[in-house]
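Enquirer: Contents of input.cif (mmCIF, C-alpha atoms):
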data_input
loop_
_atom_site.group_PDB
_atom_site.id
_atom_site.type_symbol
_atom_site.label_atom_id
_atom_site.label_comp_id
_atom_site.auth_asym_id
_atom_site.auth_seq_id
_atom_site.Cartn_x
_atom_site.Cartn_y
_atom_site.Cartn_z
ATOM 1 C CA MET A 1 108.321 54.153 83.931
ATOM 2 C CA LYS A 2 107.011 51.390 81.679
ATOM 3 C CA ASN A 3 108.239 47.807 81.902
ATOM 4 C CA GLU A 4 109.577 48.107 78.354
ATOM 5 C CA GLN A 5 111.857 50.966 79.387
ATOM 6 C CA ILE A 6 113.002 49.073 82.473
ATOM 7 C CA LEU A 7 113.723 46.042 80.309
ATOM 8 C CA GLN A 8 115.810 48.132 77.924
ATOM 9 C CA THR A 9 117.803 49.558 80.815
ATOM 10 C CA VAL A 10 118.446 46.163 82.395
ATOM 11 C CA VAL A 11 119.446 44.548 79.080
ATOM 12 C CA SER A 12 121.696 47.488 78.303
ATOM 13 C CA ILE A 13 123.478 47.347 81.705
ATOM 14 C CA VAL A 14 123.945 43.576 81.577
ATOM 15 C CA SER A 15 125.180 43.747 77.962
ATOM 16 C CA GLU A 16 127.645 46.503 78.843
ATOM 17 C CA TYR A 17 128.989 44.484 81.727
ATOM 18 C CA GLN A 18 129.357 41.363 79.590
ATOM 19 C CA ALA A 19 131.103 43.389 76.878
ATOM 20 C CA SER A 20 133.508 44.819 79.488
ATOM 21 C CA GLN A 21 134.401 41.219 80.352
ATOM 22 C CA GLY A 22 134.923 40.337 76.698
ATOM 23 C CA VAL A 23 131.848 38.093 76.649
ATOM 24 C CA GLU A 24 129.411 38.141 73.764
ATOM 25 C CA CYS A 25 125.969 36.673 74.312
ATOM 26 C CA ASP A 26 122.348 37.161 73.351
ATOM 27 C CA ILE A 27 120.385 38.614 76.210
ATOM 28 C CA ASN A 28 116.629 38.308 76.380
ATOM 29 C CA GLN A 29 113.918 38.219 79.029
ATOM 30 C CA GLU A 30 114.588 34.588 79.847
ATOM 31 C CA THR A 31 118.331 35.015 80.324
ATOM 32 C CA ALA A 32 119.330 33.690 83.754
ATOM 33 C CA LEU A 33 121.296 36.068 85.978
ATOM 34 C CA PHE A 34 121.475 33.941 89.111
ATOM 35 C CA GLY A 35 121.746 30.187 89.571
ATOM 36 C CA ASP A 36 123.248 27.300 87.628
ATOM 37 C CA ASP A 37 122.643 28.649 84.109
ATOM 38 C CA ALA A 38 123.489 32.242 84.954
ATOM 39 C CA ILE A 39 125.547 34.340 82.565
ATOM 40 C CA LEU A 40 126.962 36.320 85.506
ATOM 41 C CA ASP A 41 129.195 35.095 88.299
ATOM 42 C CA SER A 42 128.664 36.472 91.810
ATOM 43 C CA MET A 43 130.912 39.503 91.265
ATOM 44 C CA GLY A 44 129.259 40.128 87.942
ATOM 45 C CA LEU A 45 125.903 40.283 89.669
ATOM 46 C CA VAL A 46 127.333 42.733 92.235
ATOM 47 C CA ASN A 47 128.568 44.932 89.390
ATOM 48 C CA VAL A 48 125.249 44.829 87.577
ATOM 49 C CA VAL A 49 123.290 45.696 90.738
ATOM 50 C CA ILE A 50 125.530 48.705 91.431
ATOM 51 C CA ASP A 51 125.331 49.873 87.816
ATOM 52 C CA LEU A 52 121.540 49.486 87.720
ATOM 53 C CA GLU A 53 121.049 51.507 90.908
ATOM 54 C CA SER A 54 123.331 54.234 89.514
ATOM 55 C CA GLU A 55 121.573 54.214 86.157
ATOM 56 C CA PHE A 56 118.116 54.621 87.715
ATOM 57 C CA LEU A 57 119.445 57.310 90.052
ATOM 58 C CA ASP A 58 120.707 59.214 86.998
ATOM 59 C CA LYS A 59 117.131 59.040 85.741
ATOM 60 C CA GLY A 60 115.955 60.509 89.065
ATOM 61 C CA ILE A 61 114.690 57.190 90.434
ATOM 62 C CA GLU A 62 116.196 56.056 93.730
ATOM 63 C CA ILE A 63 115.834 52.335 94.301
ATOM 64 C CA SER A 64 117.675 49.776 96.403
ATOM 65 C CA LEU A 65 117.849 46.362 94.801
ATOM 66 C CA THR A 66 119.455 44.783 97.851
ATOM 67 C CA SER A 67 116.858 45.562 100.487
ATOM 68 C CA GLU A 68 115.958 42.948 103.088
ATOM 69 C CA LYS A 69 112.711 42.559 101.171
ATOM 70 C CA ALA A 70 114.558 41.518 98.024
ATOM 71 C CA MET A 71 116.954 39.215 99.812
ATOM 72 C CA SER A 72 114.292 37.457 101.862
ATOM 73 C CA ARG A 73 112.050 36.507 98.962
ATOM 74 C CA ARG A 74 111.410 32.831 98.438
ATOM 75 C CA ASN A 75 112.202 33.283 94.746
ATOM 76 C CA SER A 76 115.145 35.573 94.101
ATOM 77 C CA PRO A 77 114.249 38.604 91.969
ATOM 78 C CA PHE A 78 117.645 38.176 90.316
ATOM 79 C CA ARG A 79 116.822 34.814 88.682
ATOM 80 C CA THR A 80 116.281 36.163 85.185
ATOM 81 C CA ILE A 81 116.145 39.447 83.328
ATOM 82 C CA ASP A 82 112.352 39.173 83.419
ATOM 83 C CA THR A 83 112.067 38.655 87.190
ATOM 84 C CA LEU A 84 114.482 41.524 87.761
ATOM 85 C CA VAL A 85 112.435 43.839 85.526
ATOM 86 C CA THR A 86 109.269 42.881 87.434
ATOM 87 C CA PHE A 87 111.018 43.531 90.750
ATOM 88 C CA ILE A 88 112.313 46.935 89.651
ATOM 89 C CA SER A 89 108.857 47.835 88.377
ATOM 90 C CA GLU A 90 107.414 46.984 91.804
ATOM 91 C CA LEU A 91 110.036 49.123 93.547
ATOM 92 C CA ILE A 92 109.370 52.098 91.269
ATOM 93 C CA ASN A 93 105.632 51.827 91.737
ATOM 94 C CA GLU A 94 106.060 51.810 95.512
ATOM 95 C CA HIS A 95 107.626 55.270 95.311
ATOM 96 C CA MET B 1 139.597 62.613 99.176
ATOM 97 C CA VAL B 2 136.898 62.015 101.758
ATOM 98 C CA ILE B 3 137.681 62.275 105.483
ATOM 99 C CA THR B 4 135.110 61.741 108.215
ATOM 100 C CA GLY B 5 135.196 63.596 111.519
ATOM 101 C CA THR B 6 137.027 66.675 110.238
ATOM 102 C CA ARG B 7 135.693 69.252 112.709
ATOM 103 C CA LYS B 8 138.536 68.739 115.170
ATOM 104 C CA GLY B 9 141.398 66.508 116.314
ATOM 105 C CA ILE B 10 143.129 64.135 113.929
ATOM 106 C CA GLY B 11 140.431 64.578 111.285
ATOM 107 C CA ARG B 12 140.938 68.336 111.203
ATOM 108 C CA TYR B 13 144.688 67.881 110.996
ATOM 109 C CA LEU B 14 144.349 65.362 108.154
ATOM 110 C CA ALA B 15 142.010 67.670 106.227
ATOM 111 C CA GLU B 16 144.509 70.531 106.458
ATOM 112 C CA TYR B 17 147.449 68.223 105.741
ATOM 113 C CA TYR B 18 145.955 66.869 102.522
ATOM 114 C CA LEU B 19 144.703 70.306 101.455
ATOM 115 C CA GLN B 20 148.303 71.469 101.761
ATOM 116 C CA LYS B 21 149.290 68.614 99.482
ATOM 117 C CA GLY B 22 146.940 70.047 96.866
ATOM 118 C CA MET B 23 144.087 67.583 97.220
ATOM 119 C CA THR B 24 140.385 68.359 97.177
ATOM 120 C CA VAL B 25 139.040 67.308 100.568
ATOM 121 C CA CYS B 26 135.422 66.537 101.407
ATOM 122 C CA GLY B 27 134.935 66.322 105.147
ATOM 123 C CA CYS B 28 132.048 65.758 107.467
ATOM 124 C CA SER B 29 131.018 66.041 111.067
ATOM 125 C CA ARG B 30 127.790 66.377 112.990
ATOM 126 C CA GLY B 31 128.401 70.095 113.391
ATOM 127 C CA ASP B 32 129.630 72.958 111.241
ATOM 128 C CA SER B 33 133.306 73.334 110.424
ATOM 129 C CA ASP B 34 135.280 76.585 110.470
ATOM 130 C CA LEU B 35 137.841 75.183 108.031
ATOM 131 C CA VAL B 36 137.838 77.506 105.041
ATOM 132 C CA ASP B 37 139.561 76.532 101.819
ATOM 133 C CA THR B 38 138.392 76.636 98.226
ATOM 134 C CA ARG B 39 139.216 72.940 97.936
ATOM 135 C CA TYR B 40 137.462 71.957 101.175
ATOM 136 C CA HIS B 41 133.791 70.963 101.164
ATOM 137 C CA HIS B 42 132.054 70.301 104.450
ATOM 138 C CA TYR B 43 128.987 68.160 105.003
ATOM 139 C CA ASN B 44 126.975 68.121 108.209
ATOM 140 C CA VAL B 45 126.500 64.397 108.457
ATOM 141 C CA ASP B 46 126.111 61.840 111.220
ATOM 142 C CA VAL B 47 128.257 58.987 109.902
ATOM 143 C CA ALA B 48 125.815 56.402 111.238
ATOM 144 C CA GLU B 49 122.830 57.789 109.318
ATOM 145 C CA GLU B 50 122.602 55.737 106.163
ATOM 146 C CA LYS B 51 120.607 58.171 104.057
ATOM 147 C CA SER B 52 122.881 61.110 104.897
ATOM 148 C CA VAL B 53 126.015 59.105 104.093
ATOM 149 C CA ILE B 54 124.564 57.928 100.775
ATOM 150 C CA ALA B 55 123.552 61.490 99.882
ATOM 151 C CA MET B 56 126.991 62.866 100.789
ATOM 152 C CA ILE B 57 128.922 60.328 98.735
ATOM 153 C CA LYS B 58 126.547 60.666 95.785
ATOM 154 C CA ASP B 59 126.968 64.442 95.872
ATOM 155 C CA ILE B 60 130.760 64.122 95.910
ATOM 156 C CA ALA B 61 130.756 61.527 93.132
ATOM 157 C CA LYS B 62 128.530 63.764 91.028
ATOM 158 C CA ARG B 63 130.706 66.840 91.495
ATOM 159 C CA GLU B 64 134.174 65.280 91.417
ATOM 160 C CA ASN B 65 133.274 62.295 89.233
ATOM 161 C CA ARG B 66 135.550 60.115 91.376
ATOM 162 C CA ILE B 67 136.757 59.378 94.873
ATOM 163 C CA ASP B 68 140.400 58.377 95.133
ATOM 164 C CA TYR B 69 140.863 58.202 98.897
ATOM 165 C CA MET B 70 138.506 57.518 101.821
ATOM 166 C CA ILE B 71 139.709 58.015 105.390
ATOM 167 C CA ASN B 72 137.317 56.786 108.074
ATOM 168 C CA ASN B 73 138.583 58.857 110.958
ATOM 169 C CA ALA B 74 135.330 59.676 112.787
ATOM 170 C CA GLY B 75 135.251 57.852 116.077
ATOM 171 C CA ILE B 76 134.069 58.139 119.635
ATOM 172 C CA ALA B 77 135.189 56.514 122.862
ATOM 173 C CA ALA B 78 133.861 56.253 126.377
ATOM 174 C CA MET B 79 136.233 55.195 129.097
ATOM 175 C CA ASN B 80 134.616 53.459 131.999
ATOM 176 C CA HIS B 81 134.373 50.105 133.678
ATOM 177 C CA SER B 82 131.921 47.880 131.830
ATOM 178 C CA PHE B 83 129.813 47.578 135.041
ATOM 179 C CA LEU B 84 129.168 51.292 134.668
ATOM 180 C CA THR B 85 128.489 51.379 130.943
ATOM 181 C CA PRO B 86 124.862 51.752 129.859
ATOM 182 C CA LEU B 87 123.721 50.034 126.663
ATOM 183 C CA SER B 88 122.976 53.421 125.106
ATOM 184 C CA VAL B 89 126.701 54.209 125.282
ATOM 185 C CA VAL B 90 127.562 50.864 123.693
ATOM 186 C CA GLU B 91 125.076 51.529 120.898
ATOM 187 C CA GLY B 92 126.397 55.031 120.315
ATOM 188 C CA ILE B 93 130.007 53.871 120.053
ATOM 189 C CA PHE B 94 129.174 51.008 117.701
ATOM 190 C CA LYS B 95 127.000 53.259 115.558
ATOM 191 C CA THR B 96 129.735 55.794 114.947
ATOM 192 C CA ASN B 97 132.776 53.523 114.890
ATOM 193 C CA VAL B 98 131.452 50.403 113.190
ATOM 194 C CA PHE B 99 128.272 51.315 111.326
ATOM 195 C CA GLY B 100 129.746 54.645 110.182
ATOM 196 C CA THR B 101 132.921 53.020 108.921
ATOM 197 C CA PHE B 102 130.937 50.330 107.134
ATOM 198 C CA LEU B 103 128.628 52.824 105.438
ATOM 199 C CA PHE B 104 131.449 55.005 104.119
ATOM 200 C CA CYS B 105 133.429 51.933 102.993
ATOM 201 C CA ARG B 106 130.398 50.645 101.126
ATOM 202 C CA GLU B 107 129.414 53.904 99.482
ATOM 203 C CA ALA B 108 132.933 55.138 98.661
ATOM 204 C CA GLY B 109 133.876 51.619 97.591
ATOM 205 C CA ARG B 110 131.027 51.594 95.086
ATOM 206 C CA VAL B 111 132.249 54.830 93.523
ATOM 207 C CA MET B 112 135.868 53.631 93.537
ATOM 208 C CA SER B 113 134.875 50.340 91.923
ATOM 209 C CA LYS B 114 133.710 52.265 88.847
ATOM 210 C CA ASN B 115 137.194 53.693 88.358
ATOM 211 C CA LYS B 116 138.845 50.409 89.285
ATOM 212 C CA SER B 117 141.043 52.223 91.773
ATOM 213 C CA GLY B 118 140.844 53.558 95.298
ATOM 214 C CA ARG B 119 142.328 53.549 98.742
ATOM 215 C CA ILE B 120 140.353 53.237 101.963
ATOM 216 C CA VAL B 121 141.992 53.738 105.344
ATOM 217 C CA ASN B 122 140.083 52.933 108.518
ATOM 218 C CA PHE B 123 140.953 53.796 112.086
ATOM 219 C CA ALA B 124 141.818 51.032 114.535
ATOM 220 C CA THR B 125 143.464 51.555 117.928
ATOM 221 C CA ILE B 126 146.167 49.969 120.049
ATOM 222 C CA ALA B 127 143.463 49.570 122.728
ATOM 223 C CA THR B 128 142.329 46.471 120.815
ATOM 224 C CA PRO B 129 145.559 44.422 120.809
ATOM 225 C CA ILE B 130 146.540 45.437 124.347
ATOM 226 C CA LYS B 131 143.032 44.618 125.680
ATOM 227 C CA LEU B 132 142.844 47.882 127.555
ATOM 228 C CA GLU B 133 140.749 47.834 130.734
ATOM 229 C CA GLY B 134 138.144 50.563 130.869
ATOM 230 C CA GLU B 135 137.950 50.609 127.078
ATOM 231 C CA CYS B 136 135.898 47.459 126.654
ATOM 232 C CA VAL B 137 133.354 48.851 124.221
ATOM 233 C CA TYR B 138 135.737 51.123 122.323
ATOM 234 C CA ALA B 139 138.275 48.317 121.889
ATOM 235 C CA ALA B 140 135.543 45.894 120.811
ATOM 236 C CA SER B 141 134.153 48.371 118.294
ATOM 237 C CA LYS B 142 137.606 48.875 116.806
ATOM 238 C CA ALA B 143 138.144 45.100 116.744
ATOM 239 C CA ALA B 144 135.047 45.038 114.558
ATOM 240 C CA VAL B 145 136.587 47.744 112.361
ATOM 241 C CA GLU B 146 139.728 45.616 111.997
ATOM 242 C CA ASN B 147 137.679 42.665 110.805
ATOM 243 C CA LEU B 148 135.628 44.840 108.488
ATOM 244 C CA THR B 149 138.905 46.095 107.062
ATOM 245 C CA LYS B 150 140.256 42.600 106.459
ATOM 246 C CA VAL B 151 137.098 41.208 104.875
ATOM 247 C CA LEU B 152 136.403 44.317 102.799
ATOM 248 C CA ALA B 153 140.005 44.144 101.547
ATOM 249 C CA ARG B 154 139.135 40.794 99.980
ATOM 250 C CA GLU B 155 135.731 41.903 98.693
ATOM 251 C CA PHE B 156 137.102 45.104 97.151
ATOM 252 C CA ALA B 157 140.305 43.595 95.742
ATOM 253 C CA PRO B 158 138.669 42.611 92.406
ATOM 254 C CA PHE B 159 137.930 46.319 91.928
ATOM 255 C CA SER B 160 141.542 47.359 92.649
ATOM 256 C CA VAL B 161 140.425 49.102 95.834
ATOM 257 C CA THR B 162 142.634 48.577 98.892
ATOM 258 C CA VAL B 163 141.354 48.685 102.466
ATOM 259 C CA ASN B 164 143.764 49.081 105.378
ATOM 260 C CA ALA B 165 143.734 50.459 108.894
ATOM 261 C CA VAL B 166 146.026 52.483 111.072
ATOM 262 C CA GLY B 167 145.997 51.903 114.823
ATOM 263 C CA PRO B 168 147.208 55.016 116.626
ATOM 264 C CA THR B 169 148.596 55.174 120.140
ATOM 265 C CA PRO B 170 147.231 57.806 122.494
ATOM 266 C CA ILE B 171 147.585 61.309 121.079
ATOM 267 C CA TYR B 172 146.620 64.462 122.970
ATOM 268 C CA THR B 173 143.129 65.027 121.630
ATOM 269 C CA ASP B 174 139.671 65.489 123.129
ATOM 270 C CA LEU B 175 139.320 61.720 123.153
ATOM 271 C CA ILE B 176 141.768 61.271 126.049
ATOM 272 C CA LYS B 177 141.902 64.661 127.756
ATOM 273 C CA ASN B 178 140.065 63.361 130.845
ATOM 274 C CA VAL B 179 142.183 60.258 131.380
ATOM 275 C CA PRO B 180 144.339 60.426 134.548
ATOM 276 C CA GLN B 181 148.074 60.893 133.923
ATOM 277 C CA GLU B 182 149.089 57.687 135.718
ATOM 278 C CA LYS B 183 146.747 55.714 133.469
ATOM 279 C CA MET B 184 148.334 57.288 130.417
ATOM 280 C CA ASP B 185 151.860 56.580 131.696
ATOM 281 C CA ALA B 186 150.967 52.919 132.291
ATOM 282 C CA LEU B 187 149.545 52.732 128.793
ATOM 283 C CA LEU B 188 152.639 54.261 127.194
ATOM 284 C CA ARG B 189 154.795 51.650 128.951
ATOM 285 C CA LEU B 190 152.950 48.936 126.986
ATOM 286 C CA GLN B 191 154.252 50.376 123.739
ATOM 287 C CA ALA B 192 157.704 49.497 122.386
ATOM 288 C CA ILE B 193 158.331 53.236 122.054
ATOM 289 C CA HIS B 194 157.130 54.970 125.236
ATOM 290 C CA ARG B 195 155.819 58.272 123.971
ATOM 291 C CA PHE B 196 152.564 59.824 122.888
ATOM 292 C CA GLY B 197 151.847 59.590 119.195
ATOM 293 C CA THR B 198 151.597 62.678 117.049
ATOM 294 C CA PHE B 199 149.299 63.635 114.222
ATOM 295 C CA GLU B 200 152.320 63.336 111.925
ATOM 296 C CA ASP B 201 152.821 59.696 112.989
ATOM 297 C CA VAL B 202 149.283 58.993 111.830
ATOM 298 C CA SER B 203 149.519 60.826 108.497
ATOM 299 C CA ASN B 204 152.830 59.069 107.818
ATOM 300 C CA ALA B 205 151.154 55.650 108.063
ATOM 301 C CA ILE B 206 148.192 56.854 106.000
ATOM 302 C CA ASP B 207 150.517 58.228 103.306
ATOM 303 C CA PHE B 208 152.024 54.759 103.009
ATOM 304 C CA PHE B 209 148.600 53.194 102.423
ATOM 305 C CA LEU B 210 147.588 55.909 99.936
ATOM 306 C CA ALA B 211 150.731 55.710 97.832
ATOM 307 C CA ASP B 212 150.300 54.558 94.235
ATOM 308 C CA SER B 213 153.023 52.011 94.877
ATOM 309 C CA SER B 214 150.984 50.490 97.763
ATOM 310 C CA ASP B 215 148.565 48.761 95.394
ATOM 311 C CA PHE B 216 149.707 45.363 96.743
ATOM 312 C CA ILE B 217 149.087 46.361 100.377
ATOM 313 C CA THR B 218 145.576 45.562 101.585
ATOM 314 C CA GLY B 219 143.800 44.117 104.621
ATOM 315 C CA GLN B 220 146.592 45.303 106.909
ATOM 316 C CA VAL B 221 146.401 46.953 110.312
ATOM 317 C CA VAL B 222 149.455 48.994 111.254
ATOM 318 C CA TYR B 223 149.714 49.792 114.955
ATOM 319 C CA LEU B 224 151.898 52.726 115.866
ATOM 320 C CA GLY B 225 154.434 52.833 118.707
ATOM 321 C CA GLY B 226 155.568 49.254 118.290
ATOM 322 C CA VAL B 227 152.414 47.571 119.561
ATOM 323 C CA SER B 228 151.664 44.242 117.936
ATOM 324 C CA SER B 229 148.581 42.055 117.888
#
Would you kindly transcribe this structure into structure tokens?

Expert:
Amino acid sequence: MKNEQILQTVVSIVSEYQASQGVECDINQETALFGDDAILDSMGLVNVVIDLESEFLDKGIEISLTSEKAMSRRNSPFRTIDTLVTFISELINEH
Amino acid sequence: MVITGTRKGIGRYLAEYYLQKGMTVCGCSRGDSDLVDTRYHHYNVDVAEEKSVIAMIKDIAKRENRIDYMINNAGIAAMNHSFLTPLSVVEGIFKTNVFGTFLFCREAGRVMSKNKSGRIVNFATIATPIKLEGECVYAASKAAVENLTKVLAREFAPFSVTVNAVGPTPIYTDLIKNVPQEKMDALLRLQAIHRFGTFEDVSNAIDFFLADSSDFITGQVVYLGGVSS
């Protein structure tokens, strides 16, 4: 799967979640998901992680975004849309 | 509805009980089940094996598109003095009772969170509050289940998923068939109501937790027989 497709999926899932919360916002690669400027609160991030795993599974790709590897990184892969896309790409390529 | 440990004992009873109520029941055990019903689906799963649990819940979610009720019944016990309890026994009990319960709560909870509704019922035991000698590891494992239940209740509440536990008294099942009678009599005397529990006592408490009107009941442990913590 190409990074462009992963990006589309991530943006789509995050947008859907924001819409479900009645929040409208522009989402791009630099959008922060985790930290002070994040558009998601902690439960929002939990929702997005679950939805992303389900979405990729529906596409026949089984990934776990909450592995020890992800959680122990010095820089969280959930910082921005871009870092998350890179992380997912790495996970898919490992398969 | 998903019920773990449905091959025999309380789990088997609960599977048949909820089938009779018209529900679709997905059960599991390490071995095959001879329970035959068009609305019963059996999975050969070790509840402590993460991949198998994930695969089972995903399969159910795919077929049924939802999970309304999750009953974590599967459990094992080993009665012995702690001096005589090998670590392998401790590990086995914690794997089934704690890890298994956690895995099914997590996976079923994820599916339930999508529908913003769900009921999870875990199995505690009166051995925990009465600090039963000879049941050190079992009681400790179920103490862990109680805490899992209470914390998960808070974590799952935003998704309208409740998590509670029922703590049965001794019931005549395989779990206690080798316990000497005088030990059982002494145990029954610790209850407010001095009798063995029945399967119906357990399903009655579970029915309360599963009721639509119990959506404000979560993080609770109900001990049967009048035992209190």

Enquirer: Around all of region 19-36 of chain A's listed atoms, make the axis-aligned box with 5 Å on each side and tell me centre and edge lengths in Å to one decimal, as lines of an AutoDock Vina configuration file.

Expert:
center_x = 124.4
center_y = 36.1
center_z = 81.5
size_x = 31.0
size_y = 27.5
size_z = 26.2

Enquirer: For the structure shown, which residues end up in the PyMOL selection byres ((chain A) within 9 of (chain B))? Put them as a PyMOL selection string, please?

Expert: chain A and resi 43+47+50-51

Enquirer: Write the residues of the selection above to a file with C-alpha atoms, as a compact mmCIF listing (two decimals), keeping the file's coordinate frame.

Expert:
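Once written, again-v5.txt looks like this:
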# COMPACT_ATOMS: atom_id res chain seq x y z
CA MET A 43 130.91 39.50 91.26
CA ASN A 47 128.57 44.93 89.39
CA ILE A 50 125.53 48.70 91.43
CA ASP A 51 125.33 49.87 87.82

Enquirer: Skipping near chain neighbours, those fewer than 5 positions away, what residues fall within 8 Å of Ile10 (chain B) using all atoms listed in the file, listed as a list of chain:residue names?

Expert: B:Asn73, B:Thr173, B:Phe199

Enquirer: Quick one: apply the PyMOL selection byres ((chain A and resi 35) around 12) to the file and drop the selected residues here as a ChimeraX atom specification.

Expert: /A:31-34,36-42,45,75-80

Enquirer: Using the chain letters and numbering of this document, enumerate as a short mmCIF file (atom, residue, chain, number, x, y, z; two decimals) with C-alpha atoms, in the frame of the given file the residues selected by the PyMOL selection byres ((chain B and resi 215) around 10).

Expert:
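Printed below is selection-v5.cif as written:
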data_model
loop_
_atom_site.label_atom_id
_atom_site.label_comp_id
_atom_site.auth_asym_id
_atom_site.auth_seq_id
_atom_site.Cartn_x
_atom_site.Cartn_y
_atom_site.Cartn_z
CA SER B 117 141.04 52.22 91.77
CA GLY B 118 140.84 53.56 95.30
CA ARG B 119 142.33 53.55 98.74
CA ALA B 157 140.30 43.60 95.74
CA SER B 160 141.54 47.36 92.65
CA VAL B 161 140.43 49.10 95.83
CA THR B 162 142.63 48.58 98.89
CA PHE B 209 148.60 53.19 102.42
CA LEU B 210 147.59 55.91 99.94
CA ALA B 211 150.73 55.71 97.83
CA ASP B 212 150.30 54.56 94.24
CA SER B 213 153.02 52.01 94.88
CA SER B 214 150.98 50.49 97.76
CA PHE B 216 149.71 45.36 96.74
CA ILE B 217 149.09 46.36 100.38
CA THR B 218 145.58 45.56 101.58
#

Enquirer: For a quick check of understanding, using all atoms listed in the file, which of A:Gly44, A:Ser67, A:Ile6, A:Met1 has the smallest distance to Ala19 (chain A)?

Expert: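 Going through A:Gly44, A:Ser67, A:Ile6, A:Met1 one by one, the smallest distance to Ala19 (chain A) is for A:Gly44.
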
Enquirer: I'd like to know which of B:Val166, B:Tyr18, B:Arg12, B:Ile54 is closest to Ser64 (chain A), using only C-alpha atoms.

Expert: B:Ile54

Enquirer: Find the distance between CA of Gly9 (chain B) and CA of Gly226 (chain B) and write it in Å to one decimal.

Expert: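 Atom-to-atom, CA of Gly9 (chain B) and CA of Gly226 (chain B) are spaced 22.4 Å apart.
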
Enquirer: Tell me, in Å to one decimal, how far CA of Ala74 (chain B) is from CA of Phe123 (chain B).

Expert: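 Rounded to one decimal, the two atoms are 8.2 Å apart.
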
Enquirer: Could you check which of A:Asn93, A:Ile27, A:Leu57, A:Thr66 is closest to Ile81 (chain A), using all atoms listed in the file?

Expert: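 Of A:Asn93, A:Ile27, A:Leu57, A:Thr66, the one nearest Ile81 (chain A), counting all atoms listed in the file, is A:Ile27.
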
Enquirer: Write out as a PyMOL selection string each polymer residue whose atoms come within 8 Å of Met1 (chain B), counting all atoms listed in the file; drop sequence neighbours fewer than 5 positions from it.

Expert: chain B and resi 23-26+67-71

Enquirer: Calculate how many Å separate CA of Arg7 (chain B) from CA of Ser29 (chain B), rounding to one decimal.

Expert: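 For CA of Arg7 (chain B) relative to CA of Ser29 (chain B), the distance reads 5.9 Å.
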